[in-house]
$ cat run.txt   # compact mmCIF, C-alpha atoms
# COMPACT_ATOMS: atom_id res chain seq x y z
CA MET V 17 10.60 -24.08 -6.84
CA THR V 18 7.07 -23.94 -8.15
CA SER V 19 3.93 -24.91 -6.34
CA PRO V 20 0.24 -24.04 -6.51
CA LEU V 21 0.59 -23.09 -2.84
CA LEU V 22 3.05 -20.32 -3.73
CA TRP V 23 0.71 -19.03 -6.43
CA TYR V 24 -2.24 -18.98 -4.03
CA LEU V 25 -0.09 -17.35 -1.35
CA ASN V 26 1.05 -14.62 -3.75
CA ARG V 27 -2.44 -14.09 -5.12
CA GLY V 28 -4.08 -14.08 -1.69
CA THR V 29 -1.56 -11.73 -0.12
CA GLY V 30 -1.96 -9.35 -3.05
CA ILE V 31 -5.73 -9.21 -2.61
CA VAL V 32 -5.56 -8.81 1.17
CA LEU V 33 -2.85 -6.15 0.73
CA LEU V 34 -5.17 -4.14 -1.48
CA VAL V 35 -7.72 -4.04 1.33
CA LEU V 36 -5.22 -3.49 4.17
CA MET V 37 -3.31 -0.76 2.36
CA THR V 38 -6.61 0.91 1.50
CA LEU V 39 -7.71 0.81 5.14
CA THR V 40 -4.32 2.15 6.24
CA THR V 41 -4.51 4.97 3.71
CA VAL V 42 -8.11 5.87 4.54
CA LEU V 43 -7.40 5.84 8.25
CA GLY V 44 -4.30 8.00 7.77
CA VAL V 45 -6.18 10.52 5.64
CA LEU V 46 -9.15 10.71 8.00
CA ALA V 47 -6.97 10.89 11.10
CA THR V 48 -5.21 13.97 9.74
CA ALA V 49 -8.60 15.43 8.82
CA ARG V 50 -9.80 14.95 12.40
CA ALA V 51 -12.83 13.24 10.87
CA PHE V 52 -13.56 11.20 13.96
CA HIS V 53 -15.84 12.18 16.81
CA PRO V 54 -14.14 14.54 19.31
CA SER V 55 -14.57 12.01 22.10
CA TRP V 56 -12.71 9.38 20.04
CA PRO V 57 -9.14 9.31 21.42
CA ARG V 58 -6.60 10.21 18.74
CA PHE V 59 -4.10 7.67 20.07
CA VAL V 60 -6.57 4.89 19.20
CA THR V 61 -6.74 6.05 15.59
CA GLN V 62 -2.96 6.38 15.40
CA SER V 63 -2.43 2.97 16.98
CA LEU V 64 -4.85 1.33 14.58
CA HIS V 65 -3.18 3.09 11.64
CA ARG V 66 0.24 1.86 12.77
CA ALA V 67 -1.00 -1.67 13.39
CA LEU V 68 -2.59 -1.87 9.94
CA ALA V 69 0.54 -0.42 8.35
CA GLY V 70 2.77 -2.89 10.18
CA THR V 71 0.56 -5.81 9.18
CA SER V 72 0.63 -4.55 5.60
CA VAL V 73 4.44 -4.44 5.61
CA LEU V 74 4.67 -8.01 6.91
CA LEU V 75 2.15 -9.21 4.34
CA LEU V 76 3.96 -7.27 1.62
CA THR V 77 7.14 -9.14 2.53
CA VAL V 78 5.31 -12.47 2.15
CA HIS V 79 3.83 -11.27 -1.16
CA VAL V 80 7.23 -10.31 -2.60
CA VAL V 81 9.04 -13.41 -1.32
CA SER V 82 6.36 -15.75 -2.66
CA ALA V 83 6.53 -14.05 -6.08
CA VAL V 84 10.32 -14.39 -6.22
CA VAL V 85 10.47 -17.97 -4.87
CA ASP V 86 7.75 -19.25 -7.21
CA GLU V 87 9.57 -20.14 -10.44
CA PHE V 88 6.38 -20.46 -12.51
CA VAL V 89 6.86 -16.80 -13.44
CA ASP V 90 10.44 -15.61 -13.72
CA ILE V 91 10.77 -12.77 -11.20
CA ARG V 92 14.27 -12.37 -9.83
CA TRP V 93 14.95 -10.97 -6.36
CA TRP V 94 16.54 -7.81 -7.78
CA GLN V 95 13.45 -7.15 -9.92
CA ALA V 96 11.49 -6.85 -6.67
CA VAL V 97 13.62 -3.89 -5.56
CA ILE V 98 14.93 -2.29 -8.77
CA PRO V 99 12.14 -0.94 -10.99
CA TRP V 100 13.68 -1.73 -14.35
CA GLY V 101 14.85 -4.79 -16.21
CA ALA V 102 11.84 -6.97 -15.42
CA THR V 103 11.00 -9.60 -18.01
CA TYR V 104 7.52 -10.54 -16.78
CA LYS V 105 4.97 -7.77 -17.42
CA PRO V 106 7.70 -5.16 -17.02
CA LEU V 107 5.50 -2.08 -16.65
CA TYR V 108 3.25 -3.55 -13.96
CA LEU V 109 6.05 -5.32 -12.11
CA SER V 110 8.02 -2.06 -12.11
CA LEU V 111 5.03 -0.19 -10.67
CA GLY V 112 4.83 -2.77 -7.87
CA THR V 113 8.56 -2.40 -7.31
CA LEU V 114 8.26 1.39 -7.11
CA ALA V 115 5.41 1.01 -4.61
CA LEU V 116 7.59 -1.34 -2.53
CA ASP V 117 10.50 1.10 -2.63
CA VAL V 118 8.32 4.02 -1.57
CA ILE V 119 6.78 1.97 1.24
CA ALA V 120 10.30 1.06 2.41
CA LEU V 121 11.17 4.78 2.54
CA VAL V 122 7.99 5.52 4.49
CA VAL V 123 8.73 2.72 6.96
CA VAL V 124 12.33 3.83 7.50
CA SER V 125 11.28 7.47 7.93
CA SER V 126 8.57 6.43 10.39
CA LEU V 127 11.06 4.42 12.42
CA LEU V 128 13.37 7.45 12.46
CA ARG V 129 10.60 9.99 12.95
CA ALA V 130 11.94 11.30 16.25
CA SER V 131 15.29 12.04 14.58
CA LEU V 132 13.90 13.69 11.45
CA PRO V 133 12.61 17.20 10.92
CA GLU V 134 8.79 17.14 10.95
CA LYS V 135 8.54 18.56 7.42
CA LEU V 136 10.85 15.89 5.98
CA TRP V 137 8.99 13.07 7.74
CA ARG V 138 5.64 14.43 6.55
CA THR V 139 6.88 14.83 2.97
CA VAL V 140 8.11 11.24 2.86
CA HIS V 141 4.96 9.97 4.59
CA VAL V 142 2.70 11.66 2.02
CA MET V 143 4.48 9.58 -0.63
CA SER V 144 2.58 6.58 0.74
CA TYR V 145 -0.48 7.85 -1.19
CA ALA V 146 1.51 7.41 -4.40
CA ALA V 147 2.60 3.95 -3.27
CA TRP V 148 -1.04 3.01 -2.72
CA GLY V 149 -1.95 4.23 -6.22
CA LEU V 150 1.00 2.43 -7.81
CA SER V 151 0.06 -0.78 -6.03
CA VAL V 152 -3.53 -0.55 -7.27
CA VAL V 153 -2.35 -0.20 -10.88
CA HIS V 154 0.19 -2.99 -10.28
CA GLY V 155 -2.59 -5.32 -9.12
CA LEU V 156 -4.85 -4.43 -12.05
CA GLY V 157 -2.07 -5.03 -14.55
CA ILE V 158 -0.37 -8.10 -13.13
CA GLY V 159 -3.04 -9.75 -10.98
CA THR V 160 -4.57 -12.94 -12.29
CA ASP V 161 -7.96 -11.93 -10.87
CA ALA V 162 -7.91 -8.40 -12.31
CA SER V 163 -10.65 -9.03 -14.85
CA LEU V 164 -12.98 -10.95 -12.55
CA PRO V 165 -16.11 -9.01 -11.56
CA TRP V 166 -15.60 -9.44 -7.81
CA PHE V 167 -12.03 -8.10 -8.04
CA VAL V 168 -13.06 -5.16 -10.20
CA LEU V 169 -15.77 -4.33 -7.65
CA LEU V 170 -13.31 -4.69 -4.77
CA THR V 171 -10.77 -2.46 -6.52
CA TRP V 172 -13.35 0.22 -7.32
CA GLY V 173 -14.55 0.06 -3.72
CA CYS V 174 -11.00 0.64 -2.50
CA VAL V 175 -10.45 3.51 -4.94
CA ALA V 176 -13.78 5.06 -3.94
CA SER V 177 -12.91 4.74 -0.24
CA VAL V 178 -9.59 6.54 -0.63
CA GLY V 179 -11.24 9.12 -2.90
CA LEU V 180 -14.00 9.79 -0.37
CA ALA V 181 -11.46 10.12 2.44
CA ALA V 182 -9.43 12.56 0.34
CA VAL V 183 -12.52 14.64 -0.43
CA THR V 184 -13.44 14.65 3.27
CA ARG V 185 -9.96 15.90 4.10
CA ALA V 186 -9.98 18.49 1.30
CA VAL V 187 -13.33 19.85 2.49
CA GLY V 188 -11.95 20.10 6.03
CA VAL V 189 -8.87 21.97 4.76
CA GLY V 190 -11.05 24.23 2.61
CA ARG V 191 -13.18 25.13 5.60
CA GLY V 192 -10.12 25.74 7.74
CA LEU V 193 -11.02 22.84 10.04
CA VAL V 194 -7.64 21.14 9.61
CA GLY V 195 -4.15 22.10 8.50
CA SER V 196 -3.11 21.51 4.91
CA SER V 197 -0.24 19.13 5.78
CA ALA V 198 -0.73 15.39 5.85
$ encode --input "run.txt" --output "structure tokens"
Amino acid sequence: MTSPLLWYLNRGTGIVLLVLMTLTTVLGVLATARAFHPSWPRFVTQSLHRALAGTSVLLLTVHVVSAVVDEFVDIRWWQAVIPWGATYKPLYLSLGTLALDVIALVVVSSLLRASLPEKLWRTVHVMSYAAWGLSVVHGLGIGTDASLPWFVLLTWGCVASVGLAAVTRAVGVGRGLVGSSA
């Protein structure tokens, strides 16, 4: 099946995912850095982080399914979960696949958090930073809007946001204001 609707759906979900995953990452980094005002309830930050992450996972599912169902570009279902053997832009599709696989691990570990040792959960959860980075490179390499000025600006804004959050956290760790774990 091929349809302009599928292409727009895949393209649109990819762009919105960039923003949502960036917000989720920034919020997660800043929440662990205790960067919010002391009167701001931590459960609000955690709830927002979880809601954004859950929305991202649902949208990611739509993004992957629309890419596989649209026959205009030959992406097989197994190429969406196994990061080798892709025929369409293999490097960038594989990076997206790796990001998807890491996100799946993070989701499963989060659902099982109460049953997992804290250190294991935290280690897996920190891998979401790598998934975010992989997904940014995936979008730059495979996205049809990657060279358009507005998309370049959006991408740089997302990268700068995560970078600023990471610096804020690192400064807090350096000053002993927060723990060094994620």
$ closest_residue --input "run.txt" --among "V:Leu111, V:Ala83, V:Val178, V:Gly44" --to "Arg138 of chain V" --atoms "all atoms listed in the file"
V:Gly44
$ atom_distance --input "run.txt" --atom1 "atom CA of Val152 of chain V" --atom2 "atom CA of Val118 of chain V"
13.9 Å
$ closest_residue --input "run.txt" --among "V:Cys174, V:Leu76, V:Ala186, V:Ala181" --to "Val45 of chain V" --atoms "all atoms listed in the file"
V:Ala181
$ residues_near_point --input "run.txt" --point "(10.3, -18.1, -11.6)" --cutoff "12 Å" --atoms "all atoms listed in the file" --output "list in words"
Met17, Thr18, Ser19, Leu22, Trp23, Val81, Ser82, Ala83, Val84, Val85, Asp86, Glu87, Phe88, Val89, Asp90, Ile91, Arg92, Trp93, Gln95, Ala102, Thr103 and Tyr104 of chain V
$ residues_near_point --input "run.txt" --point "(-7.2, 6.3, 13.5)" --cutoff "6 Å" --atoms "only C-alpha atoms" --output "NGL selection string"
:V and (43 or 47 or 60-62 or 64-65)
$ residues_around --input "run.txt" --residues "Leu121 of chain V" --least-positions-apart "5" --cutoff "12 Å" --atoms "all atoms listed in the file" --output "list in words"
Val73, Leu114, Ala115, Leu116, Ser126, Leu127, Leu128, Arg129, Leu136, Trp137, Arg138, Thr139, Val140, His141, Val142, Met143, Ser144 and Ala147 of chain V
$ write_last_selection --input "run.txt" --atoms "C-alpha atoms" --output "PDB file, in the frame of the given file"
ATOM      1  CA  VAL V  73       4.440  -4.440   5.610  1.00  0.00           C
ATOM      2  CA  LEU V 114       8.260   1.390  -7.110  1.00  0.00           C
ATOM      3  CA  ALA V 115       5.410   1.010  -4.610  1.00  0.00           C
ATOM      4  CA  LEU V 116       7.590  -1.340  -2.530  1.00  0.00           C
ATOM      5  CA  SER V 126       8.570   6.430  10.390  1.00  0.00           C
ATOM      6  CA  LEU V 127      11.060   4.420  12.420  1.00  0.00           C
ATOM      7  CA  LEU V 128      13.370   7.450  12.460  1.00  0.00           C
ATOM      8  CA  ARG V 129      10.600   9.990  12.950  1.00  0.00           C
ATOM      9  CA  LEU V 136      10.850  15.890   5.980  1.00  0.00           C
ATOM     10  CA  TRP V 137       8.990  13.070   7.740  1.00  0.00           C
ATOM     11  CA  ARG V 138       5.640  14.430   6.550  1.00  0.00           C
ATOM     12  CA  THR V 139       6.880  14.830   2.970  1.00  0.00           C
ATOM     13  CA  VAL V 140       8.110  11.240   2.860  1.00  0.00           C
ATOM     14  CA  HIS V 141       4.960   9.970   4.590  1.00  0.00           C
ATOM     15  CA  VAL V 142       2.700  11.660   2.020  1.00  0.00           C
ATOM     16  CA  MET V 143       4.480   9.580  -0.630  1.00  0.00           C
ATOM     17  CA  SER V 144       2.580   6.580   0.740  1.00  0.00           C
ATOM     18  CA  ALA V 147       2.600   3.950  -3.270  1.00  0.00           C
TER      19      ALA V 147
END
$ atom_distance --input "run.txt" --atom1 "atom CA of Lys105 of chain V" --atom2 "atom CA of Ala176 of chain V"
26.4 Å
$ atom_distance --input "run.txt" --atom1 "atom CA of Val153 of chain V" --atom2 "atom CA of Leu39 of chain V"
16.9 Å
$ closest_residue --input "run.txt" --among "V:Thr38, V:Thr113, V:Ser125, V:Asn26" --to "Trp148 of chain V" --atoms "only C-alpha atoms"
V:Thr38
$ closest_residue --input "run.txt" --among "V:Ala69, V:Leu150, V:Ala130, V:Thr48" --to "Leu107 of chain V" --atoms "all atoms listed in the file"
V:Leu150
$ axis_aligned_box --input "run.txt" --around "segment 72-82 of chain V" --padding-each-side "5 Å" --output "JSON"
{"center_x": 4.8, "center_y": -10.1, "center_z": 2.1, "size_x": 18.4, "size_y": 21.3, "size_z": 19.6}
$ residues_around --input "run.txt" --residues "segment 162-169 of chain V" --least-positions-apart "2" --cutoff "12 Å" --atoms "all atoms listed in the file" --output "PyMOL selection string"
chain V and resi 27-28+30-32+34-35+152-160+171-176
$ closest_residue --input "run.txt" --among "V:Ser72, V:Ser63, V:Ser177, V:Thr184" --to "Val42 of chain V" --atoms "all atoms listed in the file"
V:Ser177
$ residues_around --input "run.txt" --residues "Leu25 of chain V" --least-positions-apart "4" --cutoff "8 Å" --atoms "all atoms listed in the file" --output "list in words"
Leu21, Thr29, His79 and Ser82 of chain V
$ build_atoms --input "run.txt" --residues "segment 154-165 of chain V" --atoms "N, CA and C atoms" --output "PDB file, keeping the file's coordinate frame"
ATOM      1  N   HIS V 154      -0.589  -1.744 -10.222  1.00  0.00           N
ATOM      2  CA  HIS V 154       0.190  -2.990 -10.280  1.00  0.00           C
ATOM      3  C   HIS V 154      -0.746  -4.199 -10.226  1.00  0.00           C
ATOM      4  N   GLY V 155      -1.658  -4.199  -9.265  1.00  0.00           N
ATOM      5  CA  GLY V 155      -2.590  -5.320  -9.120  1.00  0.00           C
ATOM      6  C   GLY V 155      -3.513  -5.479 -10.319  1.00  0.00           C
ATOM      7  N   LEU V 156      -3.968  -4.361 -10.872  1.00  0.00           N
ATOM      8  CA  LEU V 156      -4.850  -4.430 -12.050  1.00  0.00           C
ATOM      9  C   LEU V 156      -4.112  -4.955 -13.267  1.00  0.00           C
ATOM     10  N   GLY V 157      -2.820  -4.627 -13.365  1.00  0.00           N
ATOM     11  CA  GLY V 157      -2.070  -5.030 -14.550  1.00  0.00           C
ATOM     12  C   GLY V 157      -1.433  -6.402 -14.473  1.00  0.00           C
ATOM     13  N   ILE V 158      -1.120  -6.851 -13.266  1.00  0.00           N
ATOM     14  CA  ILE V 158      -0.370  -8.100 -13.130  1.00  0.00           C
ATOM     15  C   ILE V 158      -1.184  -9.199 -12.450  1.00  0.00           C
ATOM     16  N   GLY V 159      -2.237  -8.790 -11.740  1.00  0.00           N
ATOM     17  CA  GLY V 159      -3.040  -9.750 -10.980  1.00  0.00           C
ATOM     18  C   GLY V 159      -3.833 -10.692 -11.861  1.00  0.00           C
ATOM     19  N   THR V 160      -3.846 -11.945 -11.492  1.00  0.00           N
ATOM     20  CA  THR V 160      -4.570 -12.940 -12.290  1.00  0.00           C
ATOM     21  C   THR V 160      -6.078 -12.823 -12.120  1.00  0.00           C
ATOM     22  N   ASP V 161      -6.526 -12.112 -11.100  1.00  0.00           N
ATOM     23  CA  ASP V 161      -7.960 -11.930 -10.870  1.00  0.00           C
ATOM     24  C   ASP V 161      -8.463 -10.575 -11.366  1.00  0.00           C
ATOM     25  N   ALA V 162      -7.596  -9.795 -11.981  1.00  0.00           N
ATOM     26  CA  ALA V 162      -7.910  -8.400 -12.310  1.00  0.00           C
ATOM     27  C   ALA V 162      -9.160  -8.226 -13.160  1.00  0.00           C
ATOM     28  N   SER V 163      -9.487  -9.187 -13.984  1.00  0.00           N
ATOM     29  CA  SER V 163     -10.650  -9.030 -14.850  1.00  0.00           C
ATOM     30  C   SER V 163     -11.917  -9.664 -14.282  1.00  0.00           C
ATOM     31  N   LEU V 164     -11.806 -10.318 -13.150  1.00  0.00           N
ATOM     32  CA  LEU V 164     -12.980 -10.950 -12.550  1.00  0.00           C
ATOM     33  C   LEU V 164     -13.875  -9.902 -11.901  1.00  0.00           C
ATOM     34  N   PRO V 165     -15.184 -10.038 -12.070  1.00  0.00           N
ATOM     35  CA  PRO V 165     -16.110  -9.010 -11.560  1.00  0.00           C
ATOM     36  C   PRO V 165     -15.939  -8.688 -10.072  1.00  0.00           C
TER      37      PRO V 165
END
